[in-house]
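To keep things clear, I will list the structure first and then write my remarks on it.
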Amino acid sequence: MVSMGQSDQAAITAILAGDTEAYGSLVKRHSAMLFRMAYRVTGNAADADDVVQEAFLRAYVKLASFESRSEFGTWVYRIAVHCALDKVSGRRGVEEASRIGEENDAEEASSQVADEAPGPERLALSGEIGAMQEMALRGLSPLERTAFVLRHHEEKSTEEIAAALAIAPNAAKQAVFRAVKKVRQRLEGFRRTQKRASRGEAQRVTV
Amino acid sequence: MRHLREEELIEHYYATRAAGRGEDAGREKEFRAAEGHLQACGACAEARAALAAEMGEMDGLPCAEADAAYGTSVWNRVASRLPRMAAEEPPRRRAAWGMMLGWAAASAVLVIGAFEVGRVWEHRQHAQTAVARPAPPVERQIVVVVLGDHLDRTERLLVELKHAQGEDPDVVKPMRDEARSLLAANRVFREDADKSGDKALIQALDHLNQLLNDVANAPGGLNAASIARLQREMEAEGLLFKVRVLRSRNAHQGLTARIVVKGGTV
Ligand SMILES: [Zn+2]
Ligand SMILES: [Zn+2]
């Protein structure tokens with residue numbers, strides 16, 4: 001039985017020799033791993049799916065520059081991290097552009113790409129599973145969010161995060177620190193809201 | 001005795017998690033030193049427990065797992081978008097232009113690999129007809145266009161059009177040339193969009209096609225009146241905004257690379 005690394009390498013050799021179909025085996029083998037990461041970074045399946053496709057397109061186009069001494073899985077994962085970061089950065093770009101209405105067009109000002117998510121207060125009260133975690137991450141910059149998810153959920157080392165984001169290890173570490181601090185502040189904020197709300201409930205009940 | 005800073009606690013927290021998974025977390029010395037302090041210091045131990053409790057809550061971030069069929073579904077969608085590699089077509093079926101296209105595609109792939117992806121490559125080549133035949137050489141331009149760049153260039157053109165006044169030939173001529181150049185790529189991406197069924201993209205590319213066509217081929221050329229009319233159309237359709245939304249939505253779908261042949265038919 002060939003190891004995964006060996007069969008990846010065989011597929012790459014075939015693709016570079018012109019056998020496009022061989023790329024299918026790489027895509028099928030690594031899609032789930034990329035999707036999981038992309039879902040956590042972007043927070044929704046549609047964006048995650050875009051990221052996965054984009055990553056495989058990029059990887060294909062760059063395949064000639066892939067150095068066979070590294071693992072294809074690691075390599076394409078890093079590409080996908082980059083795409084995911086672009087995705088969350090781009091999303092923020094659109095949201096901001098539509099709010100500011102750059103050129104002051106009536107159309108631009110009115111067509112808001114609305115953030116449909118409920119505000120933190122409502123979420124904290126709703127007690128939806130997972131919603132609080134997602135809200136806590138909304139306060140992070142795209143870089144912080146990506147670094148945090150890679151560290152906390154994807155269980156990557158600082159060095160691996162730095163390599164995927166193409167930044168210095170210390171910058172990756174600082175991004176995680178900032179993220180953890182912000183996440184803690186937001187969680188603390190939700191807890192206070194919840195407490196206030198439950199006190200309010202109690203008073204209403206006793207009146 | 002110095003207490004652990006929050007950063008050190010965070011580092012220690014993740015190192016502990018890594019060790020729990022049986023990974024070598026590295027920085028053995030720092031790890032032991034921090035652990036020693038935590039054993040001895042109640043305040044820091046409390047801070048660690050609070051951090052661990054809060055970060056533990058974050059484990060509940062929802063995650064969708066891809067099912068077994070997902071990889072195949074990705075491949076089905078990715079396969080049609082891959083730029084072709086030259087060796088795909090059997091050599092005997094290649095006509096002179098086909099061969100050229102193949103080479104152009106292959107070199108485009110290499111160029112894309114070598115530089116940061118997301119630009120336009122204009123790759124001019126003279127079509128070489130077979131040496132034996134004295135047919136006049138056909139000048140054909142082969143262009144590799146990436147959707148993201150097409151949208152970038154289109155946006156720039158729209159902004160220029162929006163601010164254009166009068167009929168200064170220094171402004172009007174480059175606009176017409178650019179519109180002509182964008183038309184061919186727009187048609188190719190429009191066909192792609194059809195296949196993908198992306199309604200917003202289809203609609204925007206249709207409107208763009210019309211506008212580009214008007215800019216490129218306005219009867220009587222571009223003058224103050226036709227520019228004003230185009231500006232109104234553009235405004236009414238909200239084209240500039242649509243292009244911007246598409247562009248950021250497709251931050252890297254922009255990578256869809258297509259080969260566009262201008263001049264001559266394929
Ligand atoms: Zn990028
Ligand atoms: Zn202490």
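Each chain of the structure tokens is named A, B, ... in the order shown, its residues numbered from 1; ligands are numbered from 1 in display order.
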
Contact residues (chain A, partner chain B, 7 Å, only C-alpha atoms) as an NGL selection string: :A and (17-19 or 24 or 27-29 or 31-32 or 35-36 or 39-40 or 53-54 or 57 or 61-62 or 64-65 or 86-87 or 90-91 or 94 or 107-108 or 130 or 133-134 or 153 or 177 or 184)

So that I have them on file, write out the residues from the current selection with N, CA and C atoms, as a short mmCIF file (atom, residue, chain, number, x, y, z; two decimals), in the first residue's frame.
```cif
data_model
loop_
_atom_site.label_atom_id
_atom_site.label_comp_id
_atom_site.auth_asym_id
_atom_site.auth_seq_id
_atom_site.Cartn_x
_atom_site.Cartn_y
_atom_site.Cartn_z
N ALA A 17 2.46 16.00 -16.36
CA ALA A 17 2.67 15.39 -17.68
C ALA A 17 1.43 15.57 -18.56
N GLY A 18 0.42 16.25 -18.05
CA GLY A 18 -0.73 16.57 -18.89
C GLY A 18 -2.01 15.84 -18.53
N ASP A 19 -1.98 14.98 -17.53
CA ASP A 19 -3.17 14.23 -17.17
C ASP A 19 -4.00 15.00 -16.13
N GLY A 24 -8.04 15.15 -9.92
CA GLY A 24 -9.25 14.77 -9.20
C GLY A 24 -8.96 14.00 -7.92
N VAL A 27 -7.90 16.44 -5.27
CA VAL A 27 -9.03 17.27 -4.82
C VAL A 27 -9.91 16.46 -3.88
N LYS A 28 -10.23 15.23 -4.31
CA LYS A 28 -11.13 14.42 -3.49
C LYS A 28 -10.50 14.09 -2.14
N ARG A 29 -9.22 13.84 -2.15
CA ARG A 29 -8.54 13.43 -0.91
C ARG A 29 -8.46 14.57 0.11
N SER A 31 -10.23 17.68 0.11
CA SER A 31 -11.33 18.66 0.19
C SER A 31 -11.90 18.82 1.60
N ALA A 32 -12.14 17.70 2.25
CA ALA A 32 -12.81 17.76 3.56
C ALA A 32 -11.97 18.53 4.57
N PHE A 35 -12.18 22.18 3.79
CA PHE A 35 -13.51 22.71 4.08
C PHE A 35 -13.67 23.00 5.57
N ARG A 36 -13.22 22.08 6.38
CA ARG A 36 -13.36 22.24 7.82
C ARG A 36 -12.66 23.53 8.28
N TYR A 39 -14.48 26.59 6.86
CA TYR A 39 -15.77 26.84 7.53
C TYR A 39 -15.54 27.59 8.84
N ARG A 40 -14.53 27.17 9.56
CA ARG A 40 -14.28 27.83 10.84
C ARG A 40 -13.79 29.25 10.65
N GLN A 53 -12.71 25.64 -3.42
CA GLN A 53 -12.54 25.66 -4.88
C GLN A 53 -11.39 26.56 -5.31
N GLU A 54 -11.36 27.74 -4.72
CA GLU A 54 -10.31 28.69 -5.07
C GLU A 54 -8.94 28.13 -4.76
N LEU A 57 -7.94 25.62 -7.33
CA LEU A 57 -7.61 26.28 -8.61
C LEU A 57 -6.22 26.91 -8.53
N VAL A 61 -2.77 25.84 -10.64
CA VAL A 61 -2.05 26.80 -11.47
C VAL A 61 -0.60 26.95 -11.01
N LYS A 62 -0.38 26.74 -9.72
CA LYS A 62 0.97 26.87 -9.17
C LYS A 62 1.69 25.54 -9.04
N ALA A 64 3.38 23.60 -10.79
CA ALA A 64 4.73 23.45 -11.29
C ALA A 64 5.76 23.95 -10.26
N SER A 65 5.32 24.88 -9.41
CA SER A 65 6.27 25.44 -8.44
C SER A 65 6.24 24.68 -7.11
N ASP A 86 -8.34 35.97 2.61
CA ASP A 86 -8.81 36.89 1.57
C ASP A 86 -10.32 37.00 1.62
N LYS A 87 -10.96 35.87 1.81
CA LYS A 87 -12.42 35.83 1.81
C LYS A 87 -12.96 36.70 2.95
N GLY A 90 -12.11 40.35 2.25
CA GLY A 90 -12.91 40.89 1.16
C GLY A 90 -14.32 41.19 1.61
N ARG A 91 -14.87 40.29 2.43
CA ARG A 91 -16.22 40.47 2.91
C ARG A 91 -16.31 41.77 3.69
N VAL A 94 -16.38 44.77 1.40
CA VAL A 94 -17.67 45.08 0.79
C VAL A 94 -18.59 45.73 1.82
N GLU A 107 -27.37 54.91 -5.06
CA GLU A 107 -27.43 53.46 -5.14
C GLU A 107 -26.43 52.81 -4.18
N GLU A 108 -25.22 53.37 -4.17
CA GLU A 108 -24.19 52.78 -3.33
C GLU A 108 -24.53 52.92 -1.86
N GLY A 130 -23.45 27.58 19.79
CA GLY A 130 -22.48 27.97 18.78
C GLY A 130 -22.58 29.43 18.39
N GLN A 133 -20.12 31.69 20.34
CA GLN A 133 -18.75 31.57 19.88
C GLN A 133 -18.53 32.35 18.60
N GLU A 134 -19.50 32.24 17.70
CA GLU A 134 -19.39 32.95 16.43
C GLU A 134 -19.40 34.46 16.68
N HIS A 153 -8.74 25.92 17.10
CA HIS A 153 -9.57 24.83 16.57
C HIS A 153 -8.81 23.90 15.65
N PHE A 177 -2.55 36.32 20.49
CA PHE A 177 -2.73 36.99 21.80
C PHE A 177 -3.86 38.01 21.74
N ARG A 184 -12.04 36.99 25.02
CA ARG A 184 -12.38 36.95 26.43
C ARG A 184 -13.24 38.15 26.82
#
```

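Those protein and nucleic acid residues that have any atom within 7 Å of ligand 2 are, using only C-alpha atoms and all ligand atoms, Arg2, His3, Leu4, His37, Leu38, Cys41, Gly42, Ala43 and Cys44 of chain B.
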
Go ahead and save the picked residues with N, CA and C atoms, as an mmCIF file, in the first residue's frame.
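In the end it all went to result12.cif:
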```
data_model
loop_
_atom_site.group_PDB
_atom_site.id
_atom_site.type_symbol
_atom_site.label_atom_id
_atom_site.label_comp_id
_atom_site.auth_asym_id
_atom_site.auth_seq_id
_atom_site.Cartn_x
_atom_site.Cartn_y
_atom_site.Cartn_z
ATOM 1 N N ARG B 2 7.955 36.606 40.025
ATOM 2 C CA ARG B 2 7.183 37.357 39.031
ATOM 3 C C ARG B 2 5.973 36.538 38.589
ATOM 4 N N HIS B 3 4.817 37.164 38.568
ATOM 5 C CA HIS B 3 3.621 36.462 38.079
ATOM 6 C C HIS B 3 3.656 36.311 36.571
ATOM 7 N N LEU B 4 2.909 35.370 36.067
ATOM 8 C CA LEU B 4 2.856 35.153 34.618
ATOM 9 C C LEU B 4 1.984 36.222 33.976
ATOM 10 N N HIS B 37 5.745 27.715 38.365
ATOM 11 C CA HIS B 37 5.150 28.881 39.009
ATOM 12 C C HIS B 37 3.666 28.643 39.300
ATOM 13 N N LEU B 38 2.979 28.043 38.362
ATOM 14 C CA LEU B 38 1.537 27.815 38.521
ATOM 15 C C LEU B 38 1.248 26.887 39.703
ATOM 16 N N CYS B 41 1.813 29.297 42.840
ATOM 17 C CA CYS B 41 1.139 30.597 42.979
ATOM 18 C C CYS B 41 -0.359 30.475 42.781
ATOM 19 N N GLY B 42 -1.105 30.738 43.826
ATOM 20 C CA GLY B 42 -2.562 30.625 43.763
ATOM 21 C C GLY B 42 -3.192 31.611 42.793
ATOM 22 N N ALA B 43 -2.667 32.854 42.786
ATOM 23 C CA ALA B 43 -3.253 33.893 41.926
ATOM 24 C C ALA B 43 -3.130 33.504 40.462
ATOM 25 N N CYS B 44 -1.936 33.054 40.080
ATOM 26 C CA CYS B 44 -1.722 32.683 38.677
ATOM 27 C C CYS B 44 -2.517 31.423 38.329
#
```

Who sits within 10 Å of Arg138 of chain A, only C-alpha atoms, same chain under 3 positions skipped, as a PyMOL selection string: chain A and resi 43+120+132-135+141-142+145+182-183+186

Just-selected residues, N, CA and C atoms written as a compact mmCIF listing (two decimals), in the first residue's frame:
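Contents of part-v7.txt, freshly written:
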```txt
# COMPACT_ATOMS: atom_id res chain seq x y z
N GLY A 43 -16.95 31.09 8.79
CA GLY A 43 -18.18 31.05 9.58
C GLY A 43 -19.41 30.65 8.78
N PRO A 120 -25.08 41.31 19.36
CA PRO A 120 -24.58 40.51 20.47
C PRO A 120 -25.61 40.33 21.58
N MET A 132 -22.88 32.06 20.27
CA MET A 132 -22.06 32.92 21.12
C MET A 132 -20.59 32.88 20.68
N GLN A 133 -20.12 31.69 20.34
CA GLN A 133 -18.75 31.57 19.88
C GLN A 133 -18.53 32.35 18.60
N GLU A 134 -19.50 32.24 17.70
CA GLU A 134 -19.39 32.95 16.43
C GLU A 134 -19.40 34.46 16.68
N MET A 135 -20.25 34.91 17.57
CA MET A 135 -20.31 36.34 17.88
C MET A 135 -19.01 36.82 18.50
N SER A 141 -10.24 41.09 13.88
CA SER A 141 -9.85 41.45 12.52
C SER A 141 -9.71 40.14 11.74
N PRO A 142 -9.76 40.21 10.39
CA PRO A 142 -9.61 38.98 9.61
C PRO A 142 -8.35 38.19 9.97
N ARG A 145 -8.81 36.61 13.46
CA ARG A 145 -9.75 35.49 13.42
C ARG A 145 -9.10 34.25 12.82
N LYS A 182 -9.40 39.70 22.99
CA LYS A 182 -10.68 40.24 22.52
C LYS A 182 -11.81 39.25 22.74
N VAL A 183 -11.52 37.97 22.47
CA VAL A 183 -12.56 36.95 22.65
C VAL A 183 -13.00 36.92 24.11
N ARG A 186 -15.21 39.83 24.92
CA ARG A 186 -16.57 39.70 24.35
C ARG A 186 -17.38 38.65 25.12
```

Chain A residues near ligand 1 within 8 Å, closest pair each, using only C-alpha atoms and all ligand atoms, as JSON lines:
```
{"residue": "A:His82", "atom": "CA", "partner": "ligand 1", "partner_atom_place_in_ligand_line": "1 (Zn)", "distance": 6.0}
{"residue": "A:Cys83", "atom": "CA", "partner": "ligand 1", "partner_atom_place_in_ligand_line": "1 (Zn)", "distance": 6.0}
{"residue": "A:Leu85", "atom": "CA", "partner": "ligand 1", "partner_atom_place_in_ligand_line": "1 (Zn)", "distance": 7.8}
{"residue": "A:Asp86", "atom": "CA", "partner": "ligand 1", "partner_atom_place_in_ligand_line": "1 (Zn)", "distance": 5.5}
```

Surrounding residues of Glu160 of chain A excluding itself and chain neighbours under 3 positions, 12 Å, only C-alpha atoms, as a PyMOL selection string: chain A and resi 74-75+77-78+81+147+150-151+154-157+163-170+172-173

Polymer residues at most 10 Å from Arg180 of chain B, only C-alpha atoms, same-chain spacing of 4 or more positions, as a ChimeraX atom specification: /B:174-176,184-185,212-217

Taking N, CA and C atoms for each residue, export the selection above as an mmCIF file, in the first residue's frame.
```cif
data_model
loop_
_atom_site.group_PDB
_atom_site.id
_atom_site.type_symbol
_atom_site.label_atom_id
_atom_site.label_comp_id
_atom_site.auth_asym_id
_atom_site.auth_seq_id
_atom_site.Cartn_x
_atom_site.Cartn_y
_atom_site.Cartn_z
ATOM 1 N N PRO B 174 -8.807 56.180 -25.814
ATOM 2 C CA PRO B 174 -8.408 55.040 -24.960
ATOM 3 C C PRO B 174 -9.604 54.318 -24.352
ATOM 4 N N MET B 175 -10.665 55.046 -24.083
ATOM 5 C CA MET B 175 -11.855 54.391 -23.522
ATOM 6 C C MET B 175 -12.466 53.420 -24.525
ATOM 7 N N ARG B 176 -12.537 53.866 -25.763
ATOM 8 C CA ARG B 176 -13.083 52.982 -26.798
ATOM 9 C C ARG B 176 -12.206 51.759 -26.977
ATOM 10 N N ALA B 184 -14.298 41.021 -25.704
ATOM 11 C CA ALA B 184 -14.057 39.604 -26.000
ATOM 12 C C ALA B 184 -14.024 38.787 -24.710
ATOM 13 N N ALA B 185 -13.305 39.308 -23.714
ATOM 14 C CA ALA B 185 -13.208 38.583 -22.448
ATOM 15 C C ALA B 185 -14.564 38.517 -21.768
ATOM 16 N N LEU B 212 -20.329 48.036 -22.797
ATOM 17 C CA LEU B 212 -19.031 47.991 -23.482
ATOM 18 C C LEU B 212 -19.237 48.128 -24.987
ATOM 19 N N ASN B 213 -20.260 47.437 -25.443
ATOM 20 C CA ASN B 213 -20.578 47.487 -26.858
ATOM 21 C C ASN B 213 -20.914 48.918 -27.280
ATOM 22 N N ASP B 214 -21.710 49.588 -26.450
ATOM 23 C CA ASP B 214 -22.076 50.972 -26.757
ATOM 24 C C ASP B 214 -20.844 51.872 -26.769
ATOM 25 N N VAL B 215 -19.979 51.684 -25.787
ATOM 26 C CA VAL B 215 -18.775 52.523 -25.727
ATOM 27 C C VAL B 215 -17.886 52.241 -26.944
ATOM 28 N N ALA B 216 -17.764 50.965 -27.282
ATOM 29 C CA ALA B 216 -16.852 50.581 -28.361
ATOM 30 C C ALA B 216 -17.405 50.975 -29.725
ATOM 31 N N ASN B 217 -18.708 50.833 -29.904
ATOM 32 C CA ASN B 217 -19.261 50.979 -31.249
ATOM 33 C C ASN B 217 -20.361 52.010 -31.373
#
```

Contacts of Val52 of chain A within 8 Å, only C-alpha atoms, excl. fewer than 3 positions in-chain, as a PDB file with N, CA and C atoms, in the first residue's frame:
```
ATOM      1  N   SER A  31     -10.231  17.683   0.108  1.00  0.00           N
ATOM      2  CA  SER A  31     -11.335  18.662   0.195  1.00  0.00           C
ATOM      3  C   SER A  31     -11.896  18.821   1.605  1.00  0.00           C
ATOM      4  N   LEU A  34      -9.767  20.878   3.961  1.00  0.00           N
ATOM      5  CA  LEU A  34      -9.784  22.316   3.656  1.00  0.00           C
ATOM      6  C   LEU A  34     -11.123  22.936   4.039  1.00  0.00           C
ATOM      7  N   PHE A  35     -12.182  22.182   3.788  1.00  0.00           N
ATOM      8  CA  PHE A  35     -13.509  22.714   4.077  1.00  0.00           C
ATOM      9  C   PHE A  35     -13.672  23.004   5.570  1.00  0.00           C
ATOM     10  N   ALA A  38     -11.823  26.104   6.399  1.00  0.00           N
ATOM     11  CA  ALA A  38     -12.442  27.280   5.773  1.00  0.00           C
ATOM     12  C   ALA A  38     -13.768  27.624   6.442  1.00  0.00           C
ATOM     13  N   ALA A  48     -17.020  28.928   2.698  1.00  0.00           N
ATOM     14  CA  ALA A  48     -16.039  27.865   2.864  1.00  0.00           C
ATOM     15  C   ALA A  48     -15.879  27.081   1.566  1.00  0.00           C
ATOM     16  N   ASP A  49     -16.991  26.815   0.934  1.00  0.00           N
ATOM     17  CA  ASP A  49     -16.973  26.078  -0.322  1.00  0.00           C
ATOM     18  C   ASP A  49     -16.222  26.866  -1.403  1.00  0.00           C
ATOM     19  N   ALA A  55      -8.852  27.474  -3.609  1.00  0.00           N
ATOM     20  CA  ALA A  55      -7.559  26.919  -3.202  1.00  0.00           C
ATOM     21  C   ALA A  55      -7.084  25.868  -4.201  1.00  0.00           C
ATOM     22  N   PHE A  56      -7.998  25.011  -4.638  1.00  0.00           N
ATOM     23  CA  PHE A  56      -7.580  23.978  -5.596  1.00  0.00           C
ATOM     24  C   PHE A  56      -7.249  24.570  -6.966  1.00  0.00           C
ATOM     25  N   ALA A  80      -5.096  27.408   0.999  1.00  0.00           N
ATOM     26  CA  ALA A  80      -6.499  27.589   1.395  1.00  0.00           C
ATOM     27  C   ALA A  80      -6.618  28.586   2.547  1.00  0.00           C
TER      28      ALA A  80
ATOM     29  N   VAL B  74     -16.646  18.876  -5.242  1.00  0.00           N
ATOM     30  CA  VAL B  74     -15.659  19.938  -5.487  1.00  0.00           C
ATOM     31  C   VAL B  74     -14.953  19.687  -6.815  1.00  0.00           C
TER      32      VAL B  74
END
```
